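Shown below: target_1.cif, with mmCIF, C-alpha atoms.
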data_target
loop_
_atom_site.label_atom_id
_atom_site.label_comp_id
_atom_site.auth_asym_id
_atom_site.auth_seq_id
_atom_site.Cartn_x
_atom_site.Cartn_y
_atom_site.Cartn_z
CA MET A 1 -10.12 -93.53 33.28
CA LYS A 2 -10.25 -90.54 35.59
CA ILE A 3 -9.40 -88.17 32.73
CA LEU A 4 -12.04 -89.81 30.56
CA LYS A 5 -14.63 -89.16 33.25
CA LYS A 6 -13.52 -85.57 33.74
CA PHE A 7 -13.67 -84.84 30.03
CA LYS A 8 -16.95 -86.68 29.48
CA LEU A 9 -18.76 -83.61 28.14
CA PRO A 10 -16.13 -82.59 25.56
CA PHE A 11 -15.91 -86.22 24.39
CA VAL A 12 -19.68 -86.53 23.97
CA ILE A 13 -19.69 -83.31 21.96
CA LEU A 14 -16.75 -84.41 19.84
CA PHE A 15 -18.73 -87.57 19.07
CA ILE A 16 -21.74 -85.48 17.98
CA TYR A 17 -19.45 -83.46 15.69
CA ILE A 18 -18.12 -86.65 14.11
CA LEU A 19 -21.68 -87.89 13.49
CA LEU A 20 -22.58 -84.49 12.03
CA ALA A 21 -19.55 -84.53 9.77
CA ILE A 22 -20.78 -87.84 8.34
CA TRP A 23 -24.48 -87.04 8.02
CA MET A 24 -24.68 -83.24 7.72
CA PRO A 25 -21.27 -81.98 6.64
CA SER A 26 -22.44 -78.41 6.00
CA ILE A 27 -23.69 -77.96 9.56
CA ALA A 28 -20.57 -79.64 10.91
CA LYS A 29 -18.49 -77.18 8.92
CA SER A 30 -20.26 -74.03 10.10
CA SER A 31 -20.40 -75.35 13.68
CA SER A 32 -16.70 -76.07 13.81
CA ARG A 33 -15.96 -72.63 12.41
CA VAL A 34 -17.99 -71.03 15.22
CA THR A 35 -16.32 -73.24 17.83
CA LEU A 36 -12.89 -72.35 16.50
CA ASP A 37 -13.69 -68.62 16.63
CA TYR A 38 -14.89 -68.87 20.21
CA PHE A 39 -11.92 -71.05 21.11
CA LYS A 40 -9.54 -68.33 19.97
CA GLU A 41 -11.42 -65.80 22.08
CA MET A 42 -11.50 -68.06 25.13
CA ALA A 43 -7.84 -69.04 24.83
CA LEU A 44 -6.95 -65.36 24.87
CA ILE A 45 -9.29 -64.31 27.69
CA MET A 46 -9.44 -67.17 30.18
CA PRO A 47 -5.80 -67.48 31.32
CA PRO A 48 -5.46 -63.80 32.35
CA VAL A 49 -8.90 -63.92 34.00
CA PHE A 50 -7.95 -66.91 36.13
CA LEU A 51 -4.64 -65.28 37.00
CA LEU A 52 -6.51 -62.12 38.06
CA MET A 53 -8.69 -64.29 40.28
CA GLY A 54 -5.59 -65.82 41.82
CA LEU A 55 -4.20 -62.34 42.54
CA ILE A 56 -7.50 -61.24 44.08
CA GLU A 57 -7.59 -64.32 46.29
CA VAL A 58 -4.01 -63.78 47.45
CA TRP A 59 -4.13 -60.02 48.02
CA ILE A 60 -7.66 -59.02 48.99
CA PRO A 61 -8.48 -60.32 52.46
CA LYS A 62 -11.73 -62.23 52.90
CA ASP A 63 -13.09 -59.86 55.52
CA LYS A 64 -12.79 -56.96 53.02
CA ILE A 65 -14.86 -58.83 50.44
CA GLN A 66 -17.30 -59.77 53.15
CA LYS A 67 -17.58 -56.13 54.18
CA TRP A 68 -18.04 -54.82 50.63
CA LEU A 69 -20.16 -57.59 49.14
CA GLY A 70 -21.31 -59.74 52.05
CA LYS A 71 -24.79 -60.14 53.46
CA ASP A 72 -24.49 -57.02 55.61
CA SER A 73 -23.20 -54.78 52.83
CA GLY A 74 -26.69 -53.40 52.17
CA ILE A 75 -27.46 -51.02 49.34
CA LYS A 76 -23.80 -50.09 49.01
CA GLY A 77 -22.92 -53.73 48.32
CA GLY A 78 -25.64 -53.94 45.70
CA LEU A 79 -24.40 -50.78 43.98
CA ILE A 80 -20.82 -52.05 43.98
CA SER A 81 -21.97 -55.35 42.44
CA ILE A 82 -23.92 -53.61 39.69
CA ALA A 83 -21.06 -51.20 38.97
CA LEU A 84 -18.56 -54.08 38.74
CA GLY A 85 -20.90 -55.96 36.41
CA THR A 86 -21.50 -53.11 33.96
CA LEU A 87 -17.77 -52.54 33.33
CA PRO A 88 -16.67 -53.57 29.83
CA THR A 89 -15.00 -56.83 30.77
CA GLY A 90 -16.06 -59.53 28.35
CA PRO A 91 -18.42 -62.46 27.90
CA LEU A 92 -20.51 -63.94 30.71
CA TYR A 93 -18.61 -67.21 30.94
CA VAL A 94 -15.71 -65.18 32.31
CA ALA A 95 -17.94 -64.06 35.18
CA PHE A 96 -18.85 -67.56 36.46
CA PRO A 97 -15.44 -68.47 37.92
CA MET A 98 -15.12 -64.92 39.29
CA THR A 99 -18.50 -65.17 40.98
CA ALA A 100 -17.56 -68.55 42.43
CA SER A 101 -14.42 -67.18 44.00
CA LEU A 102 -16.25 -64.11 45.35
CA LEU A 103 -18.97 -66.34 46.86
CA HIS A 104 -16.24 -68.48 48.36
CA SER A 105 -14.72 -65.34 49.92
CA GLY A 106 -17.96 -64.32 51.59
CA ALA A 107 -19.96 -62.32 49.04
CA SER A 108 -23.75 -62.71 49.37
CA VAL A 109 -25.89 -64.60 46.85
CA ASN A 110 -28.00 -61.50 46.55
CA ASN A 111 -25.10 -59.35 45.38
CA MET A 112 -23.73 -62.06 43.11
CA VAL A 113 -27.06 -62.35 41.27
CA LEU A 114 -26.90 -58.58 40.73
CA PHE A 115 -23.27 -58.86 39.61
CA LEU A 116 -23.92 -61.68 37.11
CA GLY A 117 -27.15 -60.09 35.93
CA SER A 118 -25.69 -56.68 35.22
CA TRP A 119 -22.65 -58.36 33.65
CA ALA A 120 -24.95 -60.16 31.23
CA ALA A 121 -27.76 -57.67 30.68
CA LEU A 122 -26.62 -54.16 31.59
CA LYS A 123 -23.11 -53.85 30.18
CA ILE A 124 -22.22 -50.32 29.11
CA PRO A 125 -20.81 -51.10 25.62
CA GLN A 126 -23.78 -53.39 24.99
CA LEU A 127 -26.21 -50.60 25.96
CA MET A 128 -24.57 -48.28 23.40
CA ILE A 129 -25.18 -50.79 20.62
CA GLU A 130 -28.72 -51.32 21.87
CA ILE A 131 -29.49 -47.58 21.76
CA LYS A 132 -28.12 -47.42 18.24
CA PHE A 133 -30.23 -50.26 16.84
CA LEU A 134 -33.36 -50.33 19.02
CA GLY A 135 -33.61 -46.73 20.23
CA LEU A 136 -33.34 -44.96 23.56
CA PRO A 137 -36.89 -45.62 24.87
CA PHE A 138 -36.51 -49.38 24.31
CA THR A 139 -33.10 -49.45 25.98
CA LEU A 140 -34.13 -47.34 28.97
CA LEU A 141 -37.27 -49.37 29.62
CA ARG A 142 -35.45 -52.69 29.28
CA PHE A 143 -32.67 -51.43 31.55
CA SER A 144 -35.02 -50.40 34.37
CA LEU A 145 -37.25 -53.49 34.14
CA THR A 146 -34.22 -55.80 34.07
CA LEU A 147 -32.69 -54.08 37.08
CA ALA A 148 -35.95 -54.46 39.01
CA ALA A 149 -36.17 -58.13 38.01
CA LEU A 150 -32.57 -58.77 39.10
CA ILE A 151 -33.20 -57.26 42.54
CA ILE A 152 -36.24 -59.50 43.03
CA MET A 153 -34.37 -62.55 41.67
CA GLY A 154 -31.51 -61.88 44.06
CA LEU A 155 -33.86 -61.80 47.05
CA ILE A 156 -35.65 -65.00 45.99
CA MET A 157 -32.41 -66.87 45.32
CA ASP A 158 -30.82 -65.68 48.54
CA LEU A 159 -33.81 -66.92 50.56
CA THR A 160 -34.11 -70.20 48.67
CA LEU A 161 -30.43 -71.07 48.94
CA LYS A 162 -30.43 -70.15 52.61
CA LYS A 163 -33.40 -72.42 53.28
CA SER A 164 -32.02 -75.34 51.28
CA PRO A 165 -28.30 -74.91 50.60
CA ASP A 166 -26.71 -76.67 47.64
CA LYS A 167 -24.91 -79.33 49.69
CA LYS A 168 -23.26 -80.98 46.71
CA TRP A 169 -21.73 -77.70 45.57
CA ILE A 170 -20.50 -76.84 49.06
CA ASP A 171 -18.94 -80.29 49.41
CA SER A 172 -17.11 -79.90 46.12
CA LEU A 173 -15.71 -76.58 47.32
CA ASN A 174 -14.47 -78.02 50.57
CA LYS A 175 -12.88 -80.95 48.80
CA ASN A 176 -10.80 -78.64 46.64
CA SER A 177 -9.52 -76.26 49.25
CA MET B 178 -10.62 -56.20 21.19
CA ILE B 179 -11.26 -53.56 23.90
CA THR B 180 -12.03 -56.42 26.26
CA ILE B 181 -8.71 -58.08 25.62
CA ILE B 182 -6.72 -54.85 25.99
CA MET B 183 -8.63 -54.09 29.18
CA ILE B 184 -8.04 -57.50 30.77
CA TYR B 185 -4.37 -57.67 29.85
CA GLY B 186 -3.86 -54.05 30.92
CA LEU B 187 -5.41 -54.65 34.32
CA LEU B 188 -3.49 -57.87 34.70
CA SER B 189 -0.12 -56.28 33.93
CA ILE B 190 -0.69 -53.47 36.43
CA PHE B 191 -1.79 -55.89 39.16
CA LEU B 192 1.01 -58.33 38.41
CA LEU B 193 3.62 -55.58 38.59
CA ILE B 194 2.32 -54.31 41.93
CA SER B 195 2.00 -57.83 43.25
CA PHE B 196 5.51 -58.77 42.14
CA ILE B 197 7.05 -55.67 43.75
CA LYS B 198 5.18 -56.31 46.99
CA SER B 199 5.85 -60.02 47.30
CA LYS B 200 7.36 -62.59 44.97
CA GLU B 201 6.03 -65.38 47.15
CA ASN B 202 2.39 -64.25 46.95
CA THR B 203 2.62 -63.70 43.21
CA LYS B 204 3.78 -67.27 42.77
CA LYS B 205 0.86 -68.42 44.89
CA ALA B 206 -1.56 -66.44 42.71
CA PHE B 207 -0.21 -68.20 39.62
CA LYS B 208 -0.71 -71.54 41.33
CA ILE B 209 -4.30 -70.75 42.38
CA GLY B 210 -5.18 -69.39 38.95
CA GLY B 211 -3.61 -72.30 37.08
CA LYS B 212 -5.33 -74.88 39.23
CA ALA B 213 -8.71 -73.20 38.79
CA LEU B 214 -8.20 -72.99 35.02
CA LEU B 215 -7.37 -76.70 34.78
CA LYS B 216 -10.41 -77.53 36.86
CA SER B 217 -12.69 -75.53 34.57
CA ALA B 218 -11.10 -76.70 31.32
CA PRO B 219 -13.49 -79.63 30.62
CA SER B 220 -16.64 -77.55 31.03
CA LEU B 221 -15.09 -74.66 29.07
CA LEU B 222 -14.35 -77.00 26.17
CA GLY B 223 -17.82 -78.49 26.44
CA VAL B 224 -19.44 -75.08 26.32
CA LEU B 225 -17.37 -74.19 23.25
CA GLY B 226 -18.66 -77.25 21.45
CA ILE B 227 -22.27 -76.56 22.41
CA VAL B 228 -22.01 -72.92 21.32
CA GLY B 229 -20.72 -74.07 17.94
CA LEU B 230 -23.52 -76.61 17.55
CA THR B 231 -26.31 -74.16 18.39
CA LEU B 232 -24.90 -71.33 16.31
CA GLY B 233 -24.11 -73.67 13.42
CA VAL B 234 -27.78 -74.64 13.30
CA LEU B 235 -29.34 -71.37 14.46
CA THR B 236 -27.67 -68.85 12.18
CA PRO B 237 -28.96 -65.25 12.13
CA GLN B 238 -30.80 -66.16 8.89
CA THR B 239 -32.54 -69.13 10.50
CA ILE B 240 -33.51 -67.02 13.50
CA SER B 241 -35.02 -64.34 11.24
CA LYS B 242 -36.97 -67.04 9.46
CA LEU B 243 -38.23 -68.57 12.73
CA VAL B 244 -39.18 -65.30 14.39
CA GLY B 245 -40.20 -63.74 11.14
CA ALA B 246 -42.67 -60.95 10.79
CA GLU B 247 -45.36 -62.88 12.59
CA ALA B 248 -47.25 -61.18 15.35
CA GLY B 249 -48.90 -62.83 18.33
CA TYR B 250 -47.81 -64.69 21.42
CA THR B 251 -46.48 -67.75 19.59
CA ALA B 252 -43.81 -65.64 17.90
CA THR B 253 -42.95 -64.08 21.28
CA ILE B 254 -42.53 -67.48 22.94
CA ILE B 255 -40.42 -68.77 20.04
CA ALA B 256 -38.26 -65.64 20.22
CA GLY B 257 -37.87 -66.14 23.97
CA LEU B 258 -36.79 -69.75 23.55
CA LEU B 259 -34.35 -68.85 20.77
CA GLY B 260 -32.86 -66.14 22.96
CA ALA B 261 -32.46 -68.60 25.80
CA VAL B 262 -30.62 -71.28 23.80
CA THR B 263 -28.32 -69.06 21.78
CA LEU B 264 -25.22 -67.14 22.77
CA ILE B 265 -24.85 -64.34 20.23
CA PRO B 266 -22.48 -61.42 20.65
CA SER B 267 -24.38 -58.14 21.02
CA LEU B 268 -22.71 -56.74 17.91
CA ILE B 269 -24.69 -59.31 15.91
CA ALA B 270 -27.77 -59.66 18.11
CA PHE B 271 -28.87 -56.02 18.25
CA PRO B 272 -28.64 -55.28 14.52
CA LEU B 273 -30.54 -58.54 13.93
CA ALA B 274 -33.23 -57.49 16.41
CA GLY B 275 -33.41 -54.06 14.80
CA SER B 276 -33.92 -55.48 11.34
CA LEU B 277 -36.57 -57.94 12.61
CA LEU B 278 -38.39 -55.02 14.19
CA ARG B 279 -38.34 -53.07 10.93
CA SER B 280 -39.57 -56.06 8.97
CA GLY B 281 -42.68 -56.32 11.15
CA ALA B 282 -41.94 -58.27 14.36
CA THR B 283 -43.63 -56.80 17.44
CA ILE B 284 -41.84 -55.00 20.28
CA MET B 285 -42.93 -57.82 22.59
CA THR B 286 -41.26 -60.44 20.41
CA ILE B 287 -38.04 -58.47 20.05
CA SER B 288 -37.93 -57.74 23.80
CA ALA B 289 -38.43 -61.43 24.55
CA PHE B 290 -35.53 -62.34 22.26
CA ILE B 291 -33.13 -59.71 23.65
CA THR B 292 -34.07 -60.20 27.30
CA THR B 293 -33.79 -64.00 27.29
CA LEU B 294 -30.60 -63.70 25.24
CA VAL B 295 -28.93 -61.72 28.00
CA MET B 296 -30.64 -63.21 31.08
CA VAL B 297 -30.64 -66.94 30.23
CA GLY B 298 -27.71 -68.96 28.93
CA LEU B 299 -28.57 -72.59 28.28
CA VAL B 300 -25.36 -73.29 26.37
CA THR B 301 -23.21 -72.12 29.26
CA VAL B 302 -25.12 -74.23 31.83
CA PRO B 303 -22.36 -76.89 32.13
CA LEU B 304 -19.86 -74.22 33.13
CA GLU B 305 -22.29 -72.43 35.44
CA VAL B 306 -23.15 -75.69 37.23
CA LYS B 307 -19.47 -76.50 37.64
CA GLU B 308 -18.65 -73.09 39.11
CA LEU B 309 -21.80 -72.15 41.02
CA GLY B 310 -23.71 -75.37 41.61
CA LYS B 311 -26.84 -76.94 40.17
CA LYS B 312 -29.34 -75.13 42.37
CA PHE B 313 -27.93 -71.67 41.69
CA THR B 314 -27.89 -72.34 37.95
CA ILE B 315 -31.43 -73.68 37.77
CA LEU B 316 -32.77 -70.82 39.88
CA ARG B 317 -30.90 -68.11 37.98
CA ASN B 318 -31.86 -69.34 34.53
CA GLY B 319 -35.40 -70.33 35.46
CA LEU B 320 -36.22 -67.06 37.21
CA GLY B 321 -34.38 -65.21 34.45
CA PHE B 322 -36.58 -66.80 31.79
CA ILE B 323 -39.80 -66.03 33.66
CA SER B 324 -38.80 -62.43 34.32
CA ALA B 325 -37.69 -62.02 30.70
CA LEU B 326 -41.16 -62.99 29.49
CA ILE B 327 -42.82 -60.63 31.99
CA ILE B 328 -40.45 -57.81 30.92
CA ALA B 329 -41.27 -58.50 27.26
CA PHE B 330 -44.99 -58.36 28.01
CA ILE B 331 -44.70 -55.05 29.86
CA MET B 332 -42.53 -53.58 27.10
CA GLY B 333 -45.01 -54.68 24.45
CA VAL B 334 -47.83 -52.96 26.32
CA VAL B 335 -45.91 -49.76 27.17
CA LEU B 336 -44.03 -49.10 23.92
#
File written out as structure tokens:
Amino acid sequence: MKILKKFKLPFVILFIYILLAIWMPSIAKSSSRVTLDYFKEMALIMPPVFLLMGLIEVWIPKDKIQKWLGKDSGIKGGLISIALGTLPTGPLYVAFPMTASLLHSGASVNNMVLFLGSWAALKIPQLMIEIKFLGLPFTLLRFSLTLAALIIMGLIMDLTLKKSPDKKWIDSLNKNS
Amino acid sequence: MITIIMIYGLLSIFLLISFIKSKENTKKAFKIGGKALLKSAPSLLGVLGIVGLTLGVLTPQTISKLVGAEAGYTATIIAGLLGAVTLIPSLIAFPLAGSLLRSGATIMTISAFITTLVMVGLVTVPLEVKELGKKFTILRNGLGFISALIIAFIMGVVL
């Protein structure tokens, strides 16, 4: 029963796929092909990413992360977050567990919004493709506007989450550690 | 491919160093990583299924048809919504955006599509909530969507 509850979402989606296979087999077919493709990618990427996180948690002391990425890290912390995010490291879903463990180790919300945002929107290989297909002016303008938006978003989210912390999320963290 | 080489390369270097420095700590890292992976597995699988469903319905052809060559704010909003719900690799998304632009879509519409595509991820919400909490997820995606539309508007006016 516990497993059933934990895997509620995958089960619901499996059910939708079964319905689709009955009523709209062509969509079910193309959807399962996409899912299978992404599954292969995830199966290859996720285990090493989680192992890397484990290594980071074991070897890099919390006060170091706090110093580099914490709330008193200032502009330097922001620059480190952006630099880390723009590295060619893979799809965004990889970044969520990483961000969670960095937040847990004392990184600021501000910096983590910058990290996630540049991971998603300002990745170097992605920018190369963008320049090729949409031109340099488009890419440069989008880059600068996005960066400005991320800085503002980080400030807003930091303030909001400080004022009303996500108690449920914090509880779930404490339960697991 | 580069991604995979990069991650495995980094991992092997770190693992080697870690193993030389302390066997005990390396074992602990495996335990922490494995536990976290198991914890995330349900939402990862869920996200996979949702990605398949959205991309199975919203193929690049369907997106071209929906965004089309139409000008005006309606097309921009539609493009923004499509960008928010889909998760398309940039190797497919940017050529698609380029061809839409050439076939007559406005800069504003294309910017809305690209910016929401990278700033908002509705299909990955289950995973994001699991890892970072409901409030963080709602704020990040909500603010991301609003800023994406503002960015698109500015880009449409400037370019």
- Item | Top pick for closest residue to Leu258 in chain B, considering B:Phe196, B:Phe322, B:Phe271, B:Phe313 and counting all atoms listed in the file |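 For Leu258 in chain B, the nearest of the given residues is B:Phe322.
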- Query: Applied to the shown file, which residues does the PyMOL selection byres ((chain B) within 6 of (chain A)) return, written as number ranges by chain?
  - Reply: B: 180, 206-207, 209-210, 219, 222-223, 225-226, 229-230, 233, 271-272, 275, 295, 308-310
Long-range neighbours of Ala261 in chain B as a PDB file with C-alpha atoms, in the coordinates of the input, 10 Å cut-off, all atoms listed in the file, 3 positions minimum in chain:
ATOM      1  CA  ILE B 255     -40.420 -68.770  20.040  1.00  0.00           C
ATOM      2  CA  ALA B 256     -38.260 -65.640  20.220  1.00  0.00           C
ATOM      3  CA  GLY B 257     -37.870 -66.140  23.970  1.00  0.00           C
ATOM      4  CA  LEU B 258     -36.790 -69.750  23.550  1.00  0.00           C
ATOM      5  CA  LEU B 264     -25.220 -67.140  22.770  1.00  0.00           C
ATOM      6  CA  ALA B 289     -38.430 -61.430  24.550  1.00  0.00           C
ATOM      7  CA  PHE B 290     -35.530 -62.340  22.260  1.00  0.00           C
ATOM      8  CA  ILE B 291     -33.130 -59.710  23.650  1.00  0.00           C
ATOM      9  CA  THR B 292     -34.070 -60.200  27.300  1.00  0.00           C
ATOM     10  CA  THR B 293     -33.790 -64.000  27.290  1.00  0.00           C
ATOM     11  CA  LEU B 294     -30.600 -63.700  25.240  1.00  0.00           C
ATOM     12  CA  VAL B 295     -28.930 -61.720  28.000  1.00  0.00           C
ATOM     13  CA  MET B 296     -30.640 -63.210  31.080  1.00  0.00           C
ATOM     14  CA  VAL B 297     -30.640 -66.940  30.230  1.00  0.00           C
ATOM     15  CA  GLY B 298     -27.710 -68.960  28.930  1.00  0.00           C
ATOM     16  CA  LEU B 299     -28.570 -72.590  28.280  1.00  0.00           C
ATOM     17  CA  VAL B 300     -25.360 -73.290  26.370  1.00  0.00           C
ATOM     18  CA  ASN B 318     -31.860 -69.340  34.530  1.00  0.00           C
ATOM     19  CA  GLY B 321     -34.380 -65.210  34.450  1.00  0.00           C
ATOM     20  CA  PHE B 322     -36.580 -66.800  31.790  1.00  0.00           C
ATOM     21  CA  ALA B 325     -37.690 -62.020  30.700  1.00  0.00           C
TER      22      ALA B 325
END
- Tell me, in Å to one decimal, how far CA of Ser81 in chain A is from CA of Ala107 in chain A.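 According to the coordinates, CA of Ser81 in chain A and CA of Ala107 in chain A are separated by 9.8 Å.
Closest approach to Val224 in chain B from the set B:Ile269, B:Val302, B:Val262, B:Ile184 is made by B:Val302, with distances taken over all atoms listed in the file.
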- For CA of Pro266 in chain B and CA of Ile151 in chain A, the interatomic separation in Å (one decimal):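 Going from CA of Pro266 in chain B over to CA of Ile151 in chain A, I get 24.7 Å.
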- Quick one: residues within 9 Å of (-15.8, -74.7, 35.2) (file frame), counting all atoms listed in the file, please, as a ChimeraX atom specification. /A:96-97 /B:213-221,303-309
Keeping only C-alpha atoms, write those residues as a compact mmCIF listing (two decimals), keeping the file's coordinate frame.
# COMPACT_ATOMS: atom_id res chain seq x y z
CA PHE A 96 -18.85 -67.56 36.46
CA PRO A 97 -15.44 -68.47 37.92
CA ALA B 213 -8.71 -73.20 38.79
CA LEU B 214 -8.20 -72.99 35.02
CA LEU B 215 -7.37 -76.70 34.78
CA LYS B 216 -10.41 -77.53 36.86
CA SER B 217 -12.69 -75.53 34.57
CA ALA B 218 -11.10 -76.70 31.32
CA PRO B 219 -13.49 -79.63 30.62
CA SER B 220 -16.64 -77.55 31.03
CA LEU B 221 -15.09 -74.66 29.07
CA PRO B 303 -22.36 -76.89 32.13
CA LEU B 304 -19.86 -74.22 33.13
CA GLU B 305 -22.29 -72.43 35.44
CA VAL B 306 -23.15 -75.69 37.23
CA LYS B 307 -19.47 -76.50 37.64
CA GLU B 308 -18.65 -73.09 39.11
CA LEU B 309 -21.80 -72.15 41.02
- Message: List as a PyMOL selection string the protein and nucleic acid residues near range 242-246 of chain B, meaning an atom at most 12 Å away when all atoms listed in the file are counted, but skip any in the same chain fewer than 2 places from it.
- Response: chain B and resi 235-240+248-260+273-274+276-287+289-290
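In terms of minimum interatomic distance to Gly333 in chain B, B:Ser288 ranks closest within B:Ser267, B:Ser189, B:Thr301, B:Ser288, counting all atoms listed in the file.
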- Separation of CA of Thr86 in chain A from CA of Lys208 in chain B, in Å and rounded to one decimal: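 Straight-line distance from CA of Thr86 in chain A to CA of Lys208 in chain B works out to 28.7 Å.
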- Between B:Leu192, B:Leu336, B:Leu187, B:Leu316, smallest distance to Leu159 in chain A by all atoms listed in the file belongs to B:Leu316
Please return the centre and edge lengths, in Å to one decimal, of a box with edges along x, y and z that contains all listed atoms of range 314-331 of chain B, widened by 6 Å on every side, as lines of an AutoDock Vina configuration file.
center_x = -36.4
center_y = -64.4
center_z = 33.6
size_x = 29.1
size_y = 30.6
size_z = 24.6
